[in-house]
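Participant: mmCIF, N, CA and C atoms, file run00.cif:
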data_target
#
loop_
_atom_site.label_atom_id
_atom_site.label_comp_id
_atom_site.auth_asym_id
_atom_site.auth_seq_id
_atom_site.Cartn_x
_atom_site.Cartn_y
_atom_site.Cartn_z
N MET Q 1 22.59 -10.92 -16.57
CA MET Q 1 21.74 -11.80 -15.81
C MET Q 1 20.31 -11.30 -15.96
N LYS Q 2 19.40 -12.24 -16.13
CA LYS Q 2 17.98 -11.90 -16.26
C LYS Q 2 17.21 -12.46 -15.09
N LEU Q 3 16.20 -11.70 -14.67
CA LEU Q 3 15.36 -12.06 -13.54
C LEU Q 3 13.94 -11.60 -13.85
N THR Q 4 12.96 -12.46 -13.61
CA THR Q 4 11.56 -12.09 -13.81
C THR Q 4 10.77 -12.49 -12.58
N ILE Q 5 9.98 -11.55 -12.07
CA ILE Q 5 9.09 -11.79 -10.94
C ILE Q 5 7.68 -11.43 -11.40
N GLU Q 6 6.71 -12.31 -11.15
CA GLU Q 6 5.32 -12.06 -11.53
C GLU Q 6 4.42 -12.04 -10.30
N THR Q 7 3.50 -11.09 -10.28
CA THR Q 7 2.55 -10.96 -9.17
C THR Q 7 1.16 -10.75 -9.72
N SER Q 8 0.24 -11.64 -9.40
CA SER Q 8 -1.15 -11.48 -9.80
C SER Q 8 -1.84 -10.55 -8.80
N VAL Q 9 -2.61 -9.59 -9.33
CA VAL Q 9 -3.36 -8.65 -8.49
C VAL Q 9 -4.80 -8.60 -8.98
N GLU Q 10 -5.68 -8.09 -8.12
CA GLU Q 10 -7.11 -8.12 -8.40
C GLU Q 10 -7.58 -7.01 -9.34
N GLN Q 11 -6.93 -5.86 -9.34
CA GLN Q 11 -7.41 -4.74 -10.15
C GLN Q 11 -7.04 -4.92 -11.62
N ASP Q 12 -7.84 -4.28 -12.49
CA ASP Q 12 -7.56 -4.35 -13.92
C ASP Q 12 -6.29 -3.57 -14.25
N TYR Q 13 -5.69 -3.88 -15.38
CA TYR Q 13 -4.38 -3.33 -15.72
C TYR Q 13 -4.36 -1.82 -15.86
N LEU Q 14 -5.44 -1.20 -16.29
CA LEU Q 14 -5.45 0.27 -16.41
C LEU Q 14 -5.52 0.94 -15.04
N SER Q 15 -6.22 0.33 -14.09
CA SER Q 15 -6.24 0.86 -12.72
C SER Q 15 -4.86 0.72 -12.08
N VAL Q 16 -4.21 -0.41 -12.32
CA VAL Q 16 -2.86 -0.62 -11.79
C VAL Q 16 -1.91 0.38 -12.42
N LYS Q 17 -2.05 0.62 -13.72
CA LYS Q 17 -1.22 1.62 -14.40
C LYS Q 17 -1.31 2.96 -13.67
N GLU Q 18 -2.51 3.38 -13.33
CA GLU Q 18 -2.71 4.66 -12.65
C GLU Q 18 -2.06 4.67 -11.27
N GLY Q 19 -1.93 3.49 -10.66
CA GLY Q 19 -1.33 3.39 -9.34
C GLY Q 19 0.19 3.39 -9.33
N PHE Q 20 0.80 3.30 -10.51
CA PHE Q 20 2.26 3.32 -10.58
C PHE Q 20 2.71 4.78 -10.51
N ASN Q 21 2.85 5.28 -9.29
CA ASN Q 21 3.18 6.68 -9.06
C ASN Q 21 4.24 6.80 -7.97
N LYS Q 22 4.52 8.03 -7.59
CA LYS Q 22 5.55 8.30 -6.58
C LYS Q 22 5.25 7.61 -5.26
N SER Q 23 3.98 7.62 -4.85
CA SER Q 23 3.59 6.99 -3.59
C SER Q 23 3.90 5.49 -3.61
N LEU Q 24 3.55 4.81 -4.71
CA LEU Q 24 3.84 3.39 -4.82
C LEU Q 24 5.35 3.15 -4.80
N PHE Q 25 6.09 3.97 -5.54
CA PHE Q 25 7.54 3.80 -5.61
C PHE Q 25 8.16 3.83 -4.22
N THR Q 26 7.73 4.76 -3.39
CA THR Q 26 8.31 4.85 -2.03
C THR Q 26 7.89 3.64 -1.18
N LYS Q 27 6.69 3.12 -1.37
CA LYS Q 27 6.25 1.95 -0.61
C LYS Q 27 7.01 0.68 -1.02
N LEU Q 28 7.47 0.63 -2.25
CA LEU Q 28 8.18 -0.55 -2.74
C LEU Q 28 9.63 -0.62 -2.29
N SER Q 29 10.16 0.46 -1.74
CA SER Q 29 11.56 0.47 -1.30
C SER Q 29 11.75 -0.44 -0.10
N PRO Q 30 12.68 -1.38 -0.20
CA PRO Q 30 12.91 -2.32 0.91
C PRO Q 30 13.58 -1.61 2.10
N PRO Q 31 13.59 -2.26 3.26
CA PRO Q 31 14.19 -1.64 4.44
C PRO Q 31 15.70 -1.39 4.31
N PHE Q 32 16.40 -2.25 3.57
CA PHE Q 32 17.84 -2.04 3.38
C PHE Q 32 18.20 -2.28 1.93
N PRO Q 33 18.96 -1.39 1.37
CA PRO Q 33 19.43 -0.14 1.98
C PRO Q 33 18.30 0.90 1.98
N PRO Q 34 18.30 1.78 2.99
CA PRO Q 34 17.32 2.87 2.96
C PRO Q 34 17.49 3.70 1.69
N VAL Q 35 16.36 4.13 1.13
CA VAL Q 35 16.37 4.85 -0.13
C VAL Q 35 15.80 6.25 0.08
N LYS Q 36 16.51 7.23 -0.45
CA LYS Q 36 16.01 8.61 -0.46
C LYS Q 36 15.68 8.95 -1.91
N LEU Q 37 14.44 9.29 -2.15
CA LEU Q 37 14.01 9.63 -3.50
C LEU Q 37 14.45 11.06 -3.81
N LEU Q 38 15.28 11.20 -4.82
CA LEU Q 38 15.79 12.51 -5.21
C LEU Q 38 14.93 13.15 -6.31
N ARG Q 39 14.41 12.31 -7.20
CA ARG Q 39 13.60 12.82 -8.32
C ARG Q 39 12.71 11.71 -8.83
N PHE Q 40 11.46 12.05 -9.09
CA PHE Q 40 10.51 11.09 -9.67
C PHE Q 40 9.63 11.85 -10.64
N ASP Q 41 9.91 11.69 -11.94
CA ASP Q 41 9.10 12.38 -12.96
C ASP Q 41 7.86 11.58 -13.33
N GLY Q 42 7.93 10.25 -13.25
CA GLY Q 42 6.83 9.40 -13.66
C GLY Q 42 7.33 8.21 -14.45
N SER Q 43 6.44 7.62 -15.27
CA SER Q 43 6.78 6.41 -16.00
C SER Q 43 6.53 6.55 -17.50
N ALA Q 44 6.68 7.76 -18.00
CA ALA Q 44 6.55 8.00 -19.45
C ALA Q 44 7.93 8.20 -20.07
N LYS Q 45 8.04 7.89 -21.33
CA LYS Q 45 9.31 8.02 -22.03
C LYS Q 45 9.91 9.40 -21.80
N GLY Q 46 11.19 9.41 -21.41
CA GLY Q 46 11.90 10.66 -21.15
C GLY Q 46 11.92 11.05 -19.67
N ASP Q 47 11.06 10.43 -18.85
CA ASP Q 47 11.04 10.73 -17.42
C ASP Q 47 12.31 10.20 -16.75
N ILE Q 48 12.66 10.82 -15.64
CA ILE Q 48 13.84 10.45 -14.86
C ILE Q 48 13.40 10.06 -13.45
N VAL Q 49 14.02 9.00 -12.94
CA VAL Q 49 13.85 8.60 -11.54
C VAL Q 49 15.26 8.51 -10.96
N SER Q 50 15.48 9.23 -9.86
CA SER Q 50 16.79 9.25 -9.24
C SER Q 50 16.66 9.04 -7.75
N LEU Q 51 17.54 8.22 -7.20
CA LEU Q 51 17.49 7.94 -5.78
C LEU Q 51 18.89 7.79 -5.21
N GLU Q 52 18.93 7.83 -3.89
CA GLU Q 52 20.20 7.66 -3.18
C GLU Q 52 20.06 6.47 -2.25
N LEU Q 53 20.97 5.50 -2.40
CA LEU Q 53 20.99 4.32 -1.55
C LEU Q 53 21.95 4.59 -0.39
N ASN Q 54 21.51 4.35 0.83
CA ASN Q 54 22.33 4.60 2.01
C ASN Q 54 22.81 3.28 2.59
N PHE Q 55 24.10 2.99 2.37
CA PHE Q 55 24.70 1.75 2.88
C PHE Q 55 25.42 1.98 4.21
N ILE Q 56 24.96 2.92 5.00
CA ILE Q 56 25.46 3.31 6.32
C ILE Q 56 26.81 4.01 6.23
N PHE Q 57 27.84 3.36 5.72
CA PHE Q 57 29.17 3.96 5.65
C PHE Q 57 29.41 4.73 4.36
N PHE Q 58 28.53 4.55 3.40
CA PHE Q 58 28.66 5.27 2.13
C PHE Q 58 27.30 5.30 1.45
N LYS Q 59 27.16 6.24 0.52
CA LYS Q 59 25.92 6.39 -0.24
C LYS Q 59 26.22 6.25 -1.72
N GLN Q 60 25.23 5.76 -2.46
CA GLN Q 60 25.37 5.59 -3.90
C GLN Q 60 24.14 6.17 -4.59
N LYS Q 61 24.38 6.89 -5.69
CA LYS Q 61 23.28 7.45 -6.46
C LYS Q 61 22.90 6.47 -7.57
N TRP Q 62 21.60 6.40 -7.84
CA TRP Q 62 21.08 5.54 -8.90
C TRP Q 62 20.07 6.37 -9.68
N THR Q 63 20.36 6.59 -10.94
CA THR Q 63 19.46 7.36 -11.80
C THR Q 63 19.11 6.52 -13.01
N SER Q 64 17.81 6.46 -13.29
CA SER Q 64 17.32 5.74 -14.47
C SER Q 64 16.48 6.67 -15.32
N GLU Q 65 16.51 6.42 -16.62
CA GLU Q 65 15.66 7.15 -17.56
C GLU Q 65 14.62 6.18 -18.11
N ILE Q 66 13.39 6.65 -18.23
CA ILE Q 66 12.36 5.83 -18.86
C ILE Q 66 12.59 5.95 -20.38
N THR Q 67 12.94 4.83 -20.99
CA THR Q 67 13.32 4.84 -22.41
C THR Q 67 12.16 4.46 -23.33
N ASP Q 68 11.10 3.88 -22.76
CA ASP Q 68 9.96 3.49 -23.59
C ASP Q 68 8.76 3.27 -22.68
N ASP Q 69 7.57 3.52 -23.22
CA ASP Q 69 6.33 3.18 -22.53
C ASP Q 69 5.26 2.96 -23.59
N GLN Q 70 4.31 2.09 -23.27
CA GLN Q 70 3.25 1.80 -24.23
C GLN Q 70 2.04 1.23 -23.50
N THR Q 71 0.88 1.60 -23.99
CA THR Q 71 -0.38 1.04 -23.49
C THR Q 71 -1.20 0.57 -24.69
N ASP Q 72 -1.70 -0.66 -24.61
CA ASP Q 72 -2.63 -1.15 -25.63
C ASP Q 72 -3.79 -1.83 -24.93
N ASP Q 73 -4.57 -2.61 -25.64
CA ASP Q 73 -5.76 -3.20 -25.03
C ASP Q 73 -5.47 -4.44 -24.18
N LYS Q 74 -4.19 -4.82 -24.06
CA LYS Q 74 -3.83 -5.99 -23.28
C LYS Q 74 -2.82 -5.72 -22.17
N GLU Q 75 -2.04 -4.64 -22.32
CA GLU Q 75 -1.03 -4.37 -21.31
C GLU Q 75 -0.51 -2.94 -21.36
N PHE Q 76 0.13 -2.58 -20.26
CA PHE Q 76 0.87 -1.33 -20.15
C PHE Q 76 2.28 -1.73 -19.73
N TYR Q 77 3.27 -1.07 -20.32
CA TYR Q 77 4.64 -1.30 -19.85
C TYR Q 77 5.43 -0.02 -19.96
N PHE Q 78 6.49 0.02 -19.15
CA PHE Q 78 7.51 1.05 -19.31
C PHE Q 78 8.86 0.43 -18.96
N ILE Q 79 9.90 0.99 -19.55
CA ILE Q 79 11.25 0.46 -19.36
C ILE Q 79 12.12 1.55 -18.75
N ASP Q 80 12.77 1.20 -17.64
CA ASP Q 80 13.76 2.13 -17.09
C ASP Q 80 15.16 1.55 -17.31
N LYS Q 81 16.03 2.43 -17.73
CA LYS Q 81 17.41 2.04 -18.03
C LYS Q 81 18.34 2.88 -17.17
N GLY Q 82 19.27 2.21 -16.49
CA GLY Q 82 20.21 2.91 -15.62
C GLY Q 82 21.16 3.80 -16.40
N VAL Q 83 21.24 5.06 -16.00
CA VAL Q 83 22.20 5.98 -16.62
C VAL Q 83 23.30 6.38 -15.64
N GLU Q 84 23.03 6.31 -14.34
CA GLU Q 84 24.04 6.49 -13.29
C GLU Q 84 23.75 5.42 -12.26
N LEU Q 85 24.67 4.45 -12.15
CA LEU Q 85 24.42 3.27 -11.33
C LEU Q 85 25.38 3.18 -10.17
N PRO Q 86 24.98 2.48 -9.10
CA PRO Q 86 25.90 2.23 -8.00
C PRO Q 86 27.09 1.41 -8.50
N PHE Q 87 28.18 1.46 -7.77
CA PHE Q 87 29.44 0.85 -8.21
C PHE Q 87 29.32 -0.64 -8.54
N PHE Q 88 28.36 -1.33 -7.94
CA PHE Q 88 28.26 -2.78 -8.13
C PHE Q 88 27.45 -3.16 -9.36
N LEU Q 89 26.96 -2.17 -10.12
CA LEU Q 89 26.24 -2.44 -11.36
C LEU Q 89 26.87 -1.69 -12.53
N SER Q 90 26.96 -2.37 -13.67
CA SER Q 90 27.45 -1.71 -14.89
C SER Q 90 26.34 -1.59 -15.93
N LYS Q 91 25.25 -2.34 -15.73
CA LYS Q 91 24.13 -2.31 -16.67
C LYS Q 91 22.85 -2.60 -15.91
N TRP Q 92 21.77 -1.86 -16.25
CA TRP Q 92 20.47 -2.08 -15.62
C TRP Q 92 19.37 -1.73 -16.61
N THR Q 93 18.48 -2.69 -16.88
CA THR Q 93 17.28 -2.45 -17.66
C THR Q 93 16.15 -3.17 -16.95
N HIS Q 94 15.06 -2.44 -16.71
CA HIS Q 94 13.92 -3.00 -15.97
C HIS Q 94 12.65 -2.69 -16.75
N LYS Q 95 12.03 -3.75 -17.26
CA LYS Q 95 10.76 -3.59 -17.96
C LYS Q 95 9.65 -3.91 -16.97
N HIS Q 96 8.82 -2.91 -16.69
CA HIS Q 96 7.67 -3.05 -15.80
C HIS Q 96 6.47 -3.32 -16.69
N ARG Q 97 5.87 -4.51 -16.57
CA ARG Q 97 4.71 -4.85 -17.39
C ARG Q 97 3.51 -5.08 -16.51
N ILE Q 98 2.37 -4.56 -16.94
CA ILE Q 98 1.10 -4.83 -16.28
C ILE Q 98 0.20 -5.41 -17.36
N VAL Q 99 -0.06 -6.70 -17.24
CA VAL Q 99 -0.73 -7.46 -18.28
C VAL Q 99 -2.14 -7.83 -17.84
N LYS Q 100 -3.10 -7.59 -18.71
CA LYS Q 100 -4.50 -7.95 -18.45
C LYS Q 100 -4.59 -9.46 -18.24
N SER Q 101 -5.34 -9.86 -17.20
CA SER Q 101 -5.52 -11.28 -16.91
C SER Q 101 -6.92 -11.46 -16.32
N GLY Q 102 -7.89 -11.80 -17.16
CA GLY Q 102 -9.27 -11.91 -16.71
C GLY Q 102 -9.75 -10.55 -16.23
N SER Q 103 -10.32 -10.50 -15.01
CA SER Q 103 -10.76 -9.21 -14.47
C SER Q 103 -9.64 -8.52 -13.69
N GLY Q 104 -8.52 -9.21 -13.49
CA GLY Q 104 -7.38 -8.64 -12.79
C GLY Q 104 -6.21 -8.40 -13.73
N SER Q 105 -5.02 -8.46 -13.18
CA SER Q 105 -3.83 -8.28 -14.00
C SER Q 105 -2.63 -8.95 -13.34
N VAL Q 106 -1.57 -9.06 -14.11
CA VAL Q 106 -0.31 -9.61 -13.62
C VAL Q 106 0.76 -8.54 -13.79
N ILE Q 107 1.45 -8.24 -12.68
CA ILE Q 107 2.56 -7.30 -12.73
C ILE Q 107 3.82 -8.13 -12.94
N LYS Q 108 4.56 -7.80 -13.99
CA LYS Q 108 5.78 -8.53 -14.31
C LYS Q 108 6.96 -7.57 -14.24
N ASP Q 109 7.90 -7.89 -13.36
CA ASP Q 109 9.16 -7.15 -13.29
C ASP Q 109 10.18 -7.98 -14.05
N GLU Q 110 10.62 -7.47 -15.20
CA GLU Q 110 11.60 -8.17 -16.03
C GLU Q 110 12.89 -7.36 -15.98
N ILE Q 111 13.89 -7.91 -15.30
CA ILE Q 111 15.12 -7.18 -15.03
C ILE Q 111 16.28 -7.84 -15.75
N GLU Q 112 17.13 -7.01 -16.29
CA GLU Q 112 18.40 -7.48 -16.84
C GLU Q 112 19.48 -6.58 -16.27
N TYR Q 113 20.48 -7.20 -15.64
CA TYR Q 113 21.54 -6.42 -15.01
C TYR Q 113 22.89 -7.10 -15.20
N GLU Q 114 23.93 -6.31 -15.04
CA GLU Q 114 25.29 -6.83 -15.05
C GLU Q 114 26.10 -6.05 -14.05
N SER Q 115 27.08 -6.72 -13.50
CA SER Q 115 28.06 -6.10 -12.61
C SER Q 115 29.35 -5.90 -13.41
N PRO Q 116 30.24 -5.06 -12.92
CA PRO Q 116 31.53 -4.94 -13.62
C PRO Q 116 32.34 -6.24 -13.58
N PHE Q 117 31.97 -7.14 -12.67
CA PHE Q 117 32.71 -8.40 -12.51
C PHE Q 117 31.76 -9.58 -12.67
N PHE Q 118 32.12 -10.54 -13.49
CA PHE Q 118 31.27 -11.68 -13.80
C PHE Q 118 30.77 -12.38 -12.54
N LEU Q 119 31.68 -12.67 -11.62
CA LEU Q 119 31.29 -13.39 -10.40
C LEU Q 119 30.31 -12.57 -9.57
N LEU Q 120 30.51 -11.26 -9.50
CA LEU Q 120 29.62 -10.41 -8.72
C LEU Q 120 28.21 -10.41 -9.31
N THR Q 121 28.10 -10.49 -10.64
CA THR Q 121 26.79 -10.57 -11.27
C THR Q 121 26.02 -11.75 -10.69
N TRP Q 122 26.66 -12.89 -10.57
CA TRP Q 122 26.01 -14.09 -10.01
C TRP Q 122 25.75 -13.94 -8.52
N LEU Q 123 26.68 -13.34 -7.79
CA LEU Q 123 26.51 -13.17 -6.35
C LEU Q 123 25.39 -12.19 -6.01
N LEU Q 124 25.10 -11.26 -6.91
CA LEU Q 124 24.02 -10.29 -6.68
C LEU Q 124 22.63 -10.89 -6.89
N TYR Q 125 22.56 -12.02 -7.57
CA TYR Q 125 21.27 -12.60 -7.92
C TYR Q 125 20.35 -12.81 -6.72
N PRO Q 126 20.82 -13.44 -5.62
CA PRO Q 126 19.91 -13.63 -4.47
C PRO Q 126 19.42 -12.29 -3.89
N ALA Q 127 20.28 -11.30 -3.85
CA ALA Q 127 19.87 -9.98 -3.34
C ALA Q 127 18.84 -9.34 -4.26
N MET Q 128 19.04 -9.43 -5.56
CA MET Q 128 18.08 -8.87 -6.51
C MET Q 128 16.74 -9.61 -6.40
N LEU Q 129 16.80 -10.92 -6.32
CA LEU Q 129 15.58 -11.71 -6.18
C LEU Q 129 14.83 -11.29 -4.91
N GLY Q 130 15.54 -11.13 -3.82
CA GLY Q 130 14.92 -10.71 -2.57
C GLY Q 130 14.31 -9.32 -2.64
N GLN Q 131 15.02 -8.39 -3.28
CA GLN Q 131 14.53 -7.01 -3.39
C GLN Q 131 13.21 -6.97 -4.16
N PHE Q 132 13.08 -7.78 -5.19
CA PHE Q 132 11.86 -7.75 -6.00
C PHE Q 132 10.77 -8.66 -5.45
N ALA Q 133 11.14 -9.74 -4.78
CA ALA Q 133 10.13 -10.58 -4.12
C ALA Q 133 9.47 -9.78 -2.99
N TYR Q 134 10.21 -8.86 -2.39
CA TYR Q 134 9.68 -7.99 -1.33
C TYR Q 134 8.47 -7.20 -1.82
N ARG Q 135 8.40 -6.92 -3.10
CA ARG Q 135 7.32 -6.13 -3.68
C ARG Q 135 5.99 -6.88 -3.78
N LYS Q 136 6.04 -8.21 -3.88
CA LYS Q 136 4.83 -9.00 -4.15
C LYS Q 136 3.69 -8.71 -3.16
N PRO Q 137 3.90 -8.81 -1.84
CA PRO Q 137 2.78 -8.55 -0.93
C PRO Q 137 2.32 -7.09 -0.95
N ILE Q 138 3.22 -6.18 -1.29
CA ILE Q 138 2.85 -4.76 -1.38
C ILE Q 138 1.93 -4.56 -2.58
N TYR Q 139 2.32 -5.12 -3.71
CA TYR Q 139 1.46 -5.05 -4.89
C TYR Q 139 0.07 -5.63 -4.59
N LYS Q 140 0.05 -6.81 -3.98
CA LYS Q 140 -1.23 -7.48 -3.70
C LYS Q 140 -2.12 -6.63 -2.79
N LYS Q 141 -1.53 -5.99 -1.79
CA LYS Q 141 -2.29 -5.17 -0.85
C LYS Q 141 -2.80 -3.90 -1.53
N ILE Q 142 -1.94 -3.22 -2.25
CA ILE Q 142 -2.31 -1.94 -2.86
C ILE Q 142 -3.31 -2.13 -3.99
N PHE Q 143 -3.17 -3.20 -4.76
CA PHE Q 143 -4.04 -3.40 -5.91
C PHE Q 143 -5.11 -4.46 -5.65
N LYS Q 144 -5.59 -4.49 -4.41
CA LYS Q 144 -6.71 -5.35 -4.03
C LYS Q 144 -8.01 -4.61 -4.31
N LEU Q 145 -9.02 -5.33 -4.75
CA LEU Q 145 -10.32 -4.69 -4.96
C LEU Q 145 -10.91 -4.30 -3.63
N SER Q 146 -11.49 -3.12 -3.57
CA SER Q 146 -12.07 -2.63 -2.31
C SER Q 146 -13.41 -3.24 -2.04
#
Go ahead and render the structure in this file as structure tokens.
Facilitator:
Amino acid sequence: MKLTIETSVEQDYLSVKEGFNKSLFTKLSPPFPPVKLLRFDGSAKGDIVSLELNFIFFKQKWTSEITDDQTDDKEFYFIDKGVELPFFLSKWTHKHRIVKSGSGSVIKDEIEYESPFFLLTWLLYPAMLGQFAYRKPIYKKIFKLS
């Protein structure tokens, strides 16, 4: 299943790139499930991001490796790929793109995921959409021109 969410922000793409750090990552975590950050190396190829999702009665670990990153004169992107996923996911690839757009930029979350079960992949779609739509006002607030 593929999902793309786009958010226009006021800051230029290189400033937004600099803002993609541990502090932003923690602010982007939705209220449920609560997330405990176990490791955050950054967004360069070879970096690891690991977290623990708390579903009240059980916890699940989610670890992703940054498999690629690139910056050119029009955009910055990095790709995280799930290497240890919660039970409800069998595949996870998330391309984070920050694309130059006039004096501002557009943050594009391009996600591809699969569940171990075909029907669950479809049932997860509204939850995934909600989790990433939650980020839009946070991005707009953090990357607003002062």
Participant: Just so the selection is clear, what residues does the PyMOL selection byres (((chain Q and resi 39-46 and name CA) around 6) and name CA) cover here, as a list in words?
Facilitator: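 Written out, the selection comes to Leu37, Leu38, Asp47, Ile48, Val49, Ser50, Ile66, Thr67, Asp68 and Asp69 of chain Q.
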Participant: For the structure provided, state which residues fall under the PyMOL selection byres (((chain Q and resi 70-81 and name CA) around 6) and name CA), and present them as a list in words.
Facilitator: Ser64, Glu65, Ile66, Thr67, Asp68, Asp69, Gly82, Trp92, Thr93, His94, Lys95, His96, Arg97, Ile98, Val99 and Lys100 of chain Q
Participant: Using Å and a single decimal, report how far atom N of Phe55 of chain Q sits from atom CA of Ile107 of chain Q.
Facilitator: 28.2 Å
Participant: Which of these residues is nearest to Pro34 of chain Q, using all atoms listed in the file: Q:Leu3, Q:Leu119, Q:Leu14, Q:Ile56?
Facilitator: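 Among the listed residues, Q:Ile56 lies closest to Pro34 of chain Q.
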Participant: To one decimal in Å, tell me the separation between atom N of Lys2 of chain Q and atom N of Thr63 of chain Q.
Facilitator: 19.6 Å
Participant: Just give me the gap between atom N of Asp12 of chain Q and atom CA of Lys141 of chain Q in Å, one decimal is fine.
Facilitator: 12.9 Å
Participant: Given all atoms listed in the file as the basis, pick out the residue of Q:Ile138, Q:Leu124, Q:Leu28, Q:Gln11 nearest to Ser101 of chain Q.
Facilitator: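 With all atoms listed in the file as the atom set, the closest residue is Q:Gln11.
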Participant: Go through Q:Glu6, Q:Ala127, Q:Phe32, Q:Tyr13 one by one, measure the shortest atom-to-atom distance of each to Lys108 of chain Q using only N, CA and C atoms, and give the residue with the smallest value.
Facilitator: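 Among Q:Glu6, Q:Ala127, Q:Phe32, Q:Tyr13, it is Q:Glu6 that comes nearest to Lys108 of chain Q.
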Participant: With all atoms listed in the file as the counted atoms, please give the residues lying no more than 8 Å from Thr7 of chain Q, apart from itself and same-chain residues fewer than 4 positions off, as a list in words.
Facilitator: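 Answer for this query is Ser105, Val106, Ile107, Lys108, Asp109, Arg135, Lys136, Pro137, Tyr139 and Lys140 of chain Q.
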Participant: List, as a count of residues only, every residue that the PyMOL selection byres ((chain Q and resi 88) around 6.5) selects in the file provided.
Facilitator: 8
